[in-house]
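For reference, upload36.txt (compact mmCIF, C-alpha atoms):
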```txt
# COMPACT_ATOMS: atom_id res chain seq x y z
CA MET A 1 -10.38 -5.88 -25.79
CA GLU A 2 -13.78 -6.30 -24.16
CA SER A 3 -12.51 -7.67 -20.82
CA ILE A 4 -9.32 -7.88 -18.80
CA LYS A 5 -8.12 -9.62 -15.63
CA VAL A 6 -5.47 -8.01 -13.45
CA PHE A 7 -3.45 -8.65 -10.30
CA ALA A 8 -3.60 -5.56 -8.07
CA PRO A 9 -0.76 -5.75 -5.52
CA ALA A 10 -0.59 -4.86 -1.87
CA THR A 11 1.68 -2.00 -0.84
CA VAL A 12 3.56 -0.75 2.19
CA ALA A 13 3.17 2.99 2.72
CA ASN A 14 5.09 5.50 4.84
CA LEU A 15 8.07 3.18 5.42
CA SER A 16 8.67 4.93 8.75
CA CYS A 17 10.48 8.01 7.44
CA GLY A 18 8.06 8.98 4.64
CA PHE A 19 4.61 9.61 6.11
CA ASP A 20 2.10 10.13 3.26
CA VAL A 21 4.87 10.47 0.64
CA LEU A 22 6.71 7.13 0.42
CA GLY A 23 5.56 3.63 -0.48
CA CYS A 24 6.62 0.37 -2.10
CA CYS A 25 4.88 -2.37 -4.04
CA LEU A 26 4.66 -6.01 -2.92
CA ASP A 27 4.64 -9.04 -5.21
CA THR A 28 3.19 -12.04 -3.39
CA VAL A 29 -0.09 -10.66 -2.06
CA GLY A 30 -2.79 -8.77 -3.93
CA ASP A 31 -6.32 -8.75 -5.30
CA GLU A 32 -7.53 -10.16 -8.58
CA MET A 33 -9.99 -8.09 -10.61
CA LEU A 34 -12.02 -8.82 -13.73
CA ILE A 35 -13.28 -5.77 -15.63
CA GLN A 36 -15.38 -5.91 -18.77
CA LYS A 37 -17.26 -3.43 -20.90
CA ASN A 38 -21.05 -3.31 -20.76
CA ASP A 39 -23.64 -1.60 -22.98
CA LEU A 40 -25.48 0.07 -20.12
CA GLN A 41 -23.36 3.25 -19.94
CA THR A 42 -22.93 2.73 -16.22
CA VAL A 43 -20.27 1.42 -13.83
CA ARG A 44 -21.38 -1.63 -11.87
CA ILE A 45 -19.69 -3.68 -9.16
CA THR A 46 -21.07 -7.07 -10.08
CA LYS A 47 -19.25 -9.35 -7.65
CA ILE A 48 -16.98 -9.18 -4.60
CA THR A 49 -15.44 -12.20 -2.92
CA GLY A 50 -13.22 -12.38 0.14
CA GLN A 51 -14.56 -9.30 1.93
CA ASP A 52 -17.93 -7.77 2.77
CA LEU A 53 -17.73 -4.51 0.81
CA PRO A 54 -20.38 -2.32 -0.89
CA LEU A 55 -21.60 -3.35 -4.33
CA GLU A 56 -22.96 0.17 -4.99
CA ALA A 57 -20.44 1.83 -7.32
CA ASP A 58 -20.70 5.19 -5.53
CA LYS A 59 -19.81 3.54 -2.21
CA ASN A 60 -17.00 1.32 -3.53
CA VAL A 61 -13.50 2.69 -4.06
CA ALA A 62 -13.13 0.95 -7.43
CA GLY A 63 -16.39 2.39 -8.70
CA VAL A 64 -15.58 5.91 -7.51
CA ALA A 65 -12.11 5.81 -9.10
CA VAL A 66 -13.41 4.57 -12.47
CA LYS A 67 -16.24 7.12 -12.48
CA ALA A 68 -13.75 9.92 -11.87
CA MET A 69 -11.69 8.71 -14.81
CA LEU A 70 -14.67 8.42 -17.17
CA GLU A 71 -15.91 11.86 -16.14
CA HIS A 72 -12.50 13.33 -16.98
CA LEU A 73 -12.66 11.60 -20.36
CA ASN A 74 -16.27 12.77 -20.84
CA LEU A 75 -17.07 9.18 -21.80
CA GLU A 76 -20.29 7.26 -21.12
CA GLN A 77 -18.91 3.75 -21.65
CA GLY A 78 -20.09 1.28 -19.01
CA PHE A 79 -18.01 -1.31 -17.14
CA ASP A 80 -18.70 -4.33 -14.93
CA ILE A 81 -16.16 -4.88 -12.16
CA GLU A 82 -15.50 -8.12 -10.26
CA ILE A 83 -13.21 -7.86 -7.23
CA HIS A 84 -11.67 -10.92 -5.61
CA LYS A 85 -10.19 -9.53 -2.41
CA LYS A 86 -7.05 -11.22 -1.11
CA ILE A 87 -6.03 -8.12 0.87
CA LYS A 88 -8.17 -7.65 3.95
CA ALA A 89 -9.80 -4.27 4.47
CA GLY A 90 -8.19 -2.24 7.24
CA SER A 91 -5.00 -4.32 7.07
CA GLY A 92 -2.58 -1.45 6.47
CA ILE A 93 -1.19 -2.91 3.24
CA GLY A 94 -3.23 -0.93 0.76
CA SER A 95 -6.50 -2.82 0.38
CA SER A 96 -8.47 0.17 -0.89
CA ALA A 97 -5.53 1.30 -3.02
CA ALA A 98 -5.33 -2.06 -4.77
CA SER A 99 -9.01 -1.90 -5.74
CA SER A 100 -8.81 1.75 -6.83
CA ALA A 101 -5.57 1.41 -8.76
CA GLY A 102 -6.46 -1.97 -10.26
CA ALA A 103 -9.79 -0.68 -11.55
CA VAL A 104 -8.43 2.45 -13.28
CA PHE A 105 -5.47 0.52 -14.71
CA ALA A 106 -7.78 -2.12 -16.20
CA VAL A 107 -10.26 0.39 -17.64
CA ASN A 108 -7.37 2.38 -19.11
CA GLU A 109 -6.17 -0.77 -20.88
CA LEU A 110 -9.65 -1.51 -22.24
CA LEU A 111 -9.90 2.05 -23.57
CA GLY A 112 -6.59 1.86 -25.44
CA LYS A 113 -4.40 3.55 -22.80
CA PRO A 114 -5.53 7.19 -23.02
CA TYR A 115 -3.54 7.84 -19.83
CA SER A 116 -0.03 7.01 -18.66
CA LYS A 117 0.34 5.19 -15.33
CA ASN A 118 1.31 8.47 -13.65
CA GLU A 119 -1.81 10.13 -15.03
CA LEU A 120 -3.98 7.41 -13.50
CA ILE A 121 -2.83 8.24 -9.96
CA PRO A 122 -5.28 11.15 -9.34
CA PHE A 123 -8.26 8.97 -10.29
CA ALA A 124 -7.16 6.18 -7.96
CA MET A 125 -6.70 8.79 -5.23
CA GLN A 126 -10.44 9.49 -5.37
CA GLY A 127 -11.00 5.95 -4.15
CA GLU A 128 -8.59 6.62 -1.27
CA PHE A 129 -10.55 9.75 -0.39
CA LEU A 130 -13.72 7.67 -0.11
CA ALA A 131 -11.96 5.09 2.07
CA SER A 132 -10.13 7.37 4.47
CA GLY A 133 -11.26 10.95 3.95
CA ASN A 134 -7.80 11.78 2.62
CA ALA A 135 -6.72 11.55 -1.02
CA HIS A 136 -3.21 10.24 -0.36
CA ALA A 137 -1.05 8.66 -3.07
CA ASP A 138 1.56 6.70 -1.13
CA ASN A 139 -0.28 3.40 -1.75
CA VAL A 140 -1.87 3.91 -5.18
CA ALA A 141 1.33 5.29 -6.73
CA PRO A 142 3.54 2.22 -6.04
CA ALA A 143 0.61 -0.08 -6.93
CA LEU A 144 0.43 1.55 -10.37
CA LEU A 145 4.12 2.26 -10.96
CA GLY A 146 5.79 -0.62 -9.12
CA GLY A 147 8.90 -0.40 -6.95
CA PHE A 148 9.28 2.57 -4.60
CA SER A 149 7.39 5.81 -5.16
CA LEU A 150 7.96 9.27 -3.68
CA VAL A 151 5.16 11.85 -3.69
CA LYS A 152 7.21 15.00 -4.21
CA SER A 153 4.12 17.20 -3.87
CA TYR A 154 0.35 16.94 -3.79
CA GLU A 155 -0.47 20.39 -5.17
CA PRO A 156 0.42 20.02 -7.95
CA LEU A 157 0.65 16.24 -7.82
CA GLU A 158 4.14 15.04 -8.68
CA VAL A 159 5.23 11.43 -8.12
CA ILE A 160 8.77 10.16 -8.64
CA SER A 161 9.69 6.50 -9.20
CA LEU A 162 12.70 5.35 -7.18
CA PRO A 163 15.04 2.39 -7.77
CA SER A 164 14.56 -0.90 -5.91
CA PRO A 165 17.73 -2.72 -4.78
CA LYS A 166 17.26 -6.32 -5.89
CA ALA A 167 18.07 -8.00 -2.58
CA LEU A 168 15.35 -6.18 -0.63
CA ARG A 169 12.65 -8.36 0.89
CA VAL A 170 9.63 -7.28 2.94
CA VAL A 171 8.13 -9.36 5.74
CA VAL A 172 4.63 -8.21 6.72
CA LEU A 173 2.77 -9.40 9.81
CA HIS A 174 -0.94 -8.56 9.91
CA PRO A 175 -2.68 -9.08 13.26
CA LEU A 176 -6.29 -9.80 12.32
CA ILE A 177 -7.73 -6.76 14.00
CA GLU A 178 -9.03 -3.84 11.97
CA ILE A 179 -7.73 -0.30 12.34
CA LYS A 180 -9.58 2.12 10.07
CA THR A 181 -7.35 4.69 8.38
CA LYS A 182 -9.79 7.44 9.36
CA ASP A 183 -9.40 6.50 13.04
CA SER A 184 -5.62 6.16 12.93
CA ARG A 185 -5.32 9.58 11.29
CA ALA A 186 -7.62 11.16 13.86
CA ILE A 187 -5.21 10.44 16.73
CA LEU A 188 -2.25 12.17 15.07
CA LYS A 189 -1.05 15.57 16.18
CA GLN A 190 -1.47 18.32 13.61
CA THR A 191 1.74 20.15 14.54
CA VAL A 192 5.31 18.80 14.50
CA ASN A 193 8.25 19.71 16.69
CA LEU A 194 10.95 21.36 14.54
CA LYS A 195 13.74 19.16 15.89
CA GLN A 196 11.73 16.02 15.07
CA ALA A 197 10.90 17.37 11.62
CA VAL A 198 14.57 18.00 10.83
CA GLN A 199 15.43 14.45 11.89
CA GLN A 200 12.60 13.07 9.74
CA TRP A 201 13.77 15.03 6.66
CA GLY A 202 17.26 13.66 7.16
CA ASN A 203 16.03 10.08 7.39
CA LEU A 204 13.85 10.41 4.29
CA GLY A 205 16.71 11.90 2.25
CA ALA A 206 19.08 9.20 3.47
CA PHE A 207 16.60 6.43 2.65
CA ILE A 208 16.26 7.68 -0.93
CA SER A 209 20.04 7.93 -1.21
CA GLY A 210 20.28 4.34 0.04
CA LEU A 211 17.91 3.16 -2.70
CA TYR A 212 20.06 4.76 -5.40
CA THR A 213 23.39 3.55 -3.97
CA GLU A 214 22.09 0.15 -2.80
CA ASP A 215 23.46 0.93 0.64
CA TYR A 216 21.42 -1.55 2.69
CA GLU A 217 22.83 -0.47 6.04
CA LEU A 218 21.92 3.15 5.32
CA LEU A 219 18.40 2.06 4.40
CA GLY A 220 18.09 0.33 7.74
CA ARG A 221 19.41 3.31 9.72
CA SER A 222 16.95 5.57 7.93
CA LEU A 223 13.83 3.60 8.93
CA GLN A 224 13.14 5.84 11.91
CA ASP A 225 9.93 7.64 12.82
CA ASP A 226 9.66 9.80 15.94
CA ILE A 227 6.50 11.60 14.81
CA VAL A 228 3.76 9.14 13.79
CA GLU A 229 4.96 5.73 15.00
CA PRO A 230 4.99 6.53 18.75
CA VAL A 231 1.31 7.47 18.53
CA ARG A 232 0.09 4.69 16.26
CA SER A 233 2.16 1.86 17.75
CA ILE A 234 0.00 1.78 20.88
CA LEU A 235 -2.83 0.41 18.68
CA ILE A 236 -0.75 -2.58 17.52
CA PRO A 237 -0.49 -5.65 19.79
CA PHE A 238 3.09 -6.54 20.81
CA PHE A 239 4.64 -3.84 18.62
CA GLU A 240 7.74 -3.37 20.80
CA GLU A 241 8.33 -7.10 21.10
CA LEU A 242 8.19 -7.53 17.32
CA ASP A 243 10.56 -4.62 16.86
CA LYS A 244 13.12 -6.28 19.14
CA LEU A 245 12.63 -9.68 17.49
CA SER A 246 13.36 -8.26 14.04
CA ALA A 247 16.50 -6.38 15.09
CA LYS A 248 18.91 -9.30 14.61
CA HIS A 249 18.07 -10.12 10.98
CA ALA A 250 16.15 -7.14 9.54
CA LEU A 251 17.45 -3.84 8.26
CA GLY A 252 14.60 -2.04 9.95
CA PHE A 253 11.07 -2.35 11.29
CA GLY A 254 7.97 -0.17 11.32
CA ILE A 255 4.22 0.22 10.84
CA SER A 256 2.81 -0.53 7.41
CA GLY A 257 0.55 2.35 6.45
CA SER A 258 -1.87 3.11 9.26
CA GLY A 259 -1.50 -0.39 10.76
CA PRO A 260 -2.20 -2.84 12.26
CA SER A 261 0.25 -4.55 9.87
CA VAL A 262 3.93 -4.13 10.61
CA PHE A 263 6.81 -4.65 8.21
CA ALA A 264 10.45 -5.67 8.45
CA LEU A 265 12.73 -4.68 5.58
CA CYS A 266 15.40 -7.31 5.02
CA LYS A 267 18.42 -7.94 2.82
CA GLY A 268 18.13 -11.29 1.04
CA ASP A 269 15.93 -14.34 1.31
CA GLU A 270 17.79 -15.88 4.23
CA ASN A 271 17.33 -12.93 6.56
CA ALA A 272 13.71 -12.54 5.49
CA ALA A 273 13.05 -16.23 6.22
CA LYS A 274 14.53 -15.89 9.72
CA VAL A 275 12.38 -12.85 10.52
CA TYR A 276 9.33 -14.65 9.13
CA GLU A 277 10.02 -17.67 11.37
CA GLU A 278 10.59 -15.56 14.47
CA PHE A 279 7.42 -13.54 13.92
CA GLN A 280 5.46 -16.74 13.35
CA GLU A 281 6.83 -18.48 16.46
CA PHE A 282 6.14 -15.43 18.62
CA TYR A 283 2.66 -14.56 17.40
CA LYS A 284 1.23 -18.08 17.33
CA THR A 285 1.56 -18.15 21.12
CA LYS A 286 -0.73 -15.11 21.37
CA GLU A 287 -4.51 -15.11 21.27
CA ILE A 288 -4.69 -13.11 18.05
CA GLU A 289 -5.05 -14.60 14.59
CA PHE A 290 -2.63 -13.24 12.04
CA ASP A 291 -1.47 -13.35 8.44
CA LEU A 292 2.20 -13.38 7.54
CA HIS A 293 3.69 -12.51 4.16
CA VAL A 294 7.18 -12.32 2.71
CA SER A 295 7.76 -10.63 -0.63
CA PRO A 296 10.34 -9.09 -2.91
CA VAL A 297 9.64 -5.57 -4.10
CA ASN A 298 7.44 -5.76 -7.20
CA PRO A 299 9.14 -3.61 -9.88
CA GLU A 300 6.19 -3.39 -12.30
CA GLY A 301 3.08 -2.90 -10.17
CA ILE A 302 -0.30 -4.08 -11.45
CA LYS A 303 -0.04 -7.05 -13.78
CA ILE A 304 -2.32 -8.32 -16.53
CA LEU A 305 -3.22 -11.96 -15.91
```
Would you mind writing the file's structure down as structure tokens?
Amino acid sequence: MESIKVFAPATVANLSCGFDVLGCCLDTVGDEMLIQKNDLQTVRITKITGQDLPLEADKNVAGVAVKAMLEHLNLEQGFDIEIHKKIKAGSGIGSSAASSAGAVFAVNELLGKPYSKNELIPFAMQGEFLASGNAHADNVAPALLGGFSLVKSYEPLEVISLPSPKALRVVVLHPLIEIKTKDSRAILKQTVNLKQAVQQWGNLGAFISGLYTEDYELLGRSLQDDIVEPVRSILIPFFEELDKLSAKHALGFGISGSGPSVFALCKGDENAAKVYEEFQEFYKTKEIEFDLHVSPVNPEGIKIL
């Protein structure tokens, strides 16, 4: 193949109990990317629509990720990359991860799949490092692998794919304000109270157990975060009100990634539709524009179009 078009999905990272180690892949919102070989032995970002982002490859997460991959391969093949952004930058649903993961996935396909999806994760993480100053994998891993992903360790990198109960739905509300990941990380404390840490470990273990056993109530009870959420929630307009609104029909509620998006995890289409409607009715009375999404969990990740 000389060219390929892909759908690079949005993701929800952290999922309350899994800061920097847990994420899931969405299905109804994502970027579209067109990547084709060129004869110039260089990586070029030739077009970006939907967002005002750098065209210089060294300043764009997709360019940085692909260059890292080609350097590892010791290959001088050039590529032209078009990015049609449907995920807003700074939204908290993996905008930079979609571009990074989508680019390395597409180039890998054009090169005959020298790497497995798991082996592509470190290259996509280089794009995340450019975007946030931290090479985290909790967005790029589910974007590449689909479903839920657990980062067991970063050194060495080990990522585990987790099952996705079929009835799970994710409602995401994105207030159209931008919170940069770098800024939202800067306000976090660097030490954790032992009692809080023990509670967080318990919730993370229980959430993973709930995925394997399809215990939806356990999943909901495990979506608790007493470490990061209390600090970051102050940056999100009407966070507490949305939390209370979701309680009747959602399994649980939390911040998507670094915010400002929030998510409600629901069982079934009916509950998800009710949460969607309540969020919409509440937020349209406020003086903040917003996007609202509802999605099943995407089991396959990036898709070839």
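Minimum distance to A:Val107 across A:Glu2, A:Asp225, A:Glu128, A:Asp39 (counting all atoms listed in the file) occurs at A:Glu2.
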May I have a table of the residues of stretch 160-268 of chain A lying at most 10 Å from stretch 136-153 of chain A, giving each one's closest pair of atoms and their distance in Å to one decimal, counting only C-alpha atoms, ordered by chain and ascending residue number, as a tab-separated table?
```
residue	atom	partner	partner_atom	distance
A:Ile160	CA	A:Leu150	CA	5.1
A:Ser161	CA	A:Ser149	CA	4.7
A:Leu162	CA	A:Phe148	CA	5.1
A:Pro163	CA	A:Phe148	CA	6.6
A:Ser164	CA	A:Gly147	CA	5.8
A:Pro165	CA	A:Gly147	CA	9.4
A:Leu204	CA	A:Leu150	CA	10.0
A:Ile208	CA	A:Leu150	CA	8.9
A:Leu211	CA	A:Phe148	CA	8.9
A:Gly257	CA	A:Asn139	CA	8.3
```
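If all atoms listed in the file are the atoms counted, then among A:Cys266, A:Asp52, A:Phe123, A:Gly90 the closest residue to A:Lys67 is A:Phe123.
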Legend entry - Among the residues A:Val159, A:Lys189, A:Tyr216, A:Met33, the one that comes closest to A:Pro230 [using only C-alpha atoms]: A:Lys189
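You will find atom CA of A:Leu265 at 8.9 Å from atom CA of A:Leu219.
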Inset, instruction - Tell me, in Å to one decimal, how far atom CA of A:His84 is from atom CA of A:Pro54. - result: 13.1 Å
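With only C-alpha atoms as the basis for measurement, A:Gly205 is the residue among A:Pro296, A:Gly205, A:Pro122, A:Gly259 that approaches A:Leu22 most closely.
Rounded to one decimal, atom CA of A:Ile81 and atom CA of A:Thr46 lie 5.8 Å from each other.
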Can you tell me, as a CSV table (one decimal) with C-alpha atoms, in the coordinates of the input, what residues are no more than 10 Å from A:Phe7 when counting all atoms listed in the file, ignoring any on the same chain fewer than 5 positions away?
```
chain,number,residue,atom,x,y,z
A,27,ASP,CA,4.6,-9.0,-5.2
A,29,VAL,CA,-0.1,-10.7,-2.1
A,30,GLY,CA,-2.8,-8.8,-3.9
A,31,ASP,CA,-6.3,-8.8,-5.3
A,32,GLU,CA,-7.5,-10.2,-8.6
A,33,MET,CA,-10.0,-8.1,-10.6
A,34,LEU,CA,-12.0,-8.8,-13.7
A,84,HIS,CA,-11.7,-10.9,-5.6
A,98,ALA,CA,-5.3,-2.1,-4.8
A,99,SER,CA,-9.0,-1.9,-5.7
A,102,GLY,CA,-6.5,-2.0,-10.3
A,106,ALA,CA,-7.8,-2.1,-16.2
A,301,GLY,CA,3.1,-2.9,-10.2
A,302,ILE,CA,-0.3,-4.1,-11.4
A,303,LYS,CA,0.0,-7.0,-13.8
A,304,ILE,CA,-2.3,-8.3,-16.5
A,305,LEU,CA,-3.2,-12.0,-15.9
```
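Proximity to A:Phe105 was assessed for A:Leu73, A:Ile83, A:Ala8, A:Leu15 counting all atoms listed in the file; the smallest distance is recorded for A:Ala8.
Counting only C-alpha atoms, A:Phe129 has the following residues at most 12 Å away, ignoring those fewer than 3 positions along the same chain: Lys59, Asn60, Val61, Ala62, Val64, Ala65, Ala68, Ser96, Ala97, Ser100, Pro122, Phe123, Ala124, Met125, Gln126, Ser132, Gly133, Asn134, Ala135, His136, Ala137, Val140, Thr181 and Lys182 of chain A.
Nearest residue to A:Gln36, choosing from A:Lys5, A:Lys286, A:Lys248, A:Arg221 and counting only C-alpha atoms: A:Lys5.
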Inset, instruction - Compile the contact shell of A:Phe279 as a count of residues only: residues with an atom at most 9 Å away, counting all atoms listed in the file, same-chain residues fewer than 6 positions apart removed. - result: 5
